[in-house]
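J.: This is the structure I want to talk about, given as structure tokens.
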Amino acid sequence: MTFASGDRVRVENVGEDGLPLIRYGFVSGQNHSGGPVAVLLDGDLRPAVFANDDVRPVTITNVELLLNGSDLVDDPALRRGLLALWQAEIDNAGLAVDRIDALDSGCPESSAWPLAQVSSCDGRYVVCAERNDDNELVRVRAVPAP
């Protein structure tokens, strides 16, 4: 993928502790298709260089949380708190959301619990919480509204 100077991006790689690390920043200068990308990460004064595969454009559908503990979706009070965590991540990513309407759904639609309906400048979305296949992790993300 080719990025232009100033593009808002999400850098996904592994930290020194071996855990997934997600950071946000802006592309610093032009890059060649498939080549390394210089990114000025939020809070840093100098750009860092990342493999092209570690850099993604920031969109409302690729900002997601992966959290440990299936109780986060089983307990209604904890499930409501997931929406606030997702909102904080959206703010951290630098995205604007026009409207958030929380949903109070006691049971999941398919394998995902709908948390809110969201309007952003480019469309309508539903923020959902879902368990992964082994029920250990909970993923919170926005998907296009039907």
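How things are named: the first chain in the structure tokens is A, the next is B, and so on; residues count from 1 in each chain; ligands count from 1 in the order shown.
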Output as an MDAnalysis selection string all residues of segment 37-139 of chain A that backbone DSSP marks as alpha helix (DSSP H).

T.: chainID A and resid 71:74 76:93

J.: Quick check, in Å to one decimal: how far apart do atom CA of Ala77 of chain A and atom CA of Asn132 of chain A lie?

T.: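 Between these atoms lies a distance of 20.3 Å.
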
J.: Residues at most 8 Å from Phe3 of chain A, counting only C-alpha atoms, excluding those fewer than 5 positions away in the same chain, as a count of residues only?

T.: 5

J.: So what do you get for atom CA of Val55 of chain A versus atom CA of Cys121 of chain A, distance-wise?

T.: 22.9 Å

J.: Taking 6 positions as the minimum chain separation for residues in the same chain, which residues sit within 12 Å of segment 66-70 of chain A when counting only C-alpha atoms? Answer as a ChimeraX atom specification.

T.: /A:19-22,76,78-79,82,85-86,89,129-141

J.: I need the residue nearest Ala38 of chain A from this list: A:Val9, A:Ala116, A:Leu65, A:Cys128. Use only C-alpha atoms for the distance.

T.: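 The closest residue to Ala38 of chain A is A:Val9.
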
J.: From the set A:Ala93, A:Leu40, A:Met1, A:Val14, which residue has the shortest atom-to-atom contact distance to Asn52 of chain A, counting only C-alpha atoms?

T.: A:Met1

J.: I'd like to know which of A:Ala112, A:Val58, A:Leu83, A:Leu45 is closest to Leu95 of chain A, using only C-alpha atoms.

T.: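 Ranked by minimum distance to Leu95 of chain A, first place goes to A:Val58.
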
J.: Need to verify the contact set: Pro36 of chain A, 10 Å, only C-alpha atoms, exclusion of same-chain residues closer than 5 positions in sequence. Can you return it as a VMD selection string?

T.: chain A and resid 2 31 48 to 55

J.: Counting only C-alpha atoms, which of A:Ser28, A:Val11, A:Arg124, A:Asp71 gets nearest to Arg46 of chain A?

T.: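 Result for the nearest residue to Arg46 of chain A: A:Ser28.
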
J.: Could you tell me, as a PyMOL selection string, which residues of chain A DSSP assigns to strand (DSSP E) when given the backbone?

T.: chain A and resi 8-14+20-27+37-41+48-50+55-57+64-68+99-102+112-120+123-131+137-144
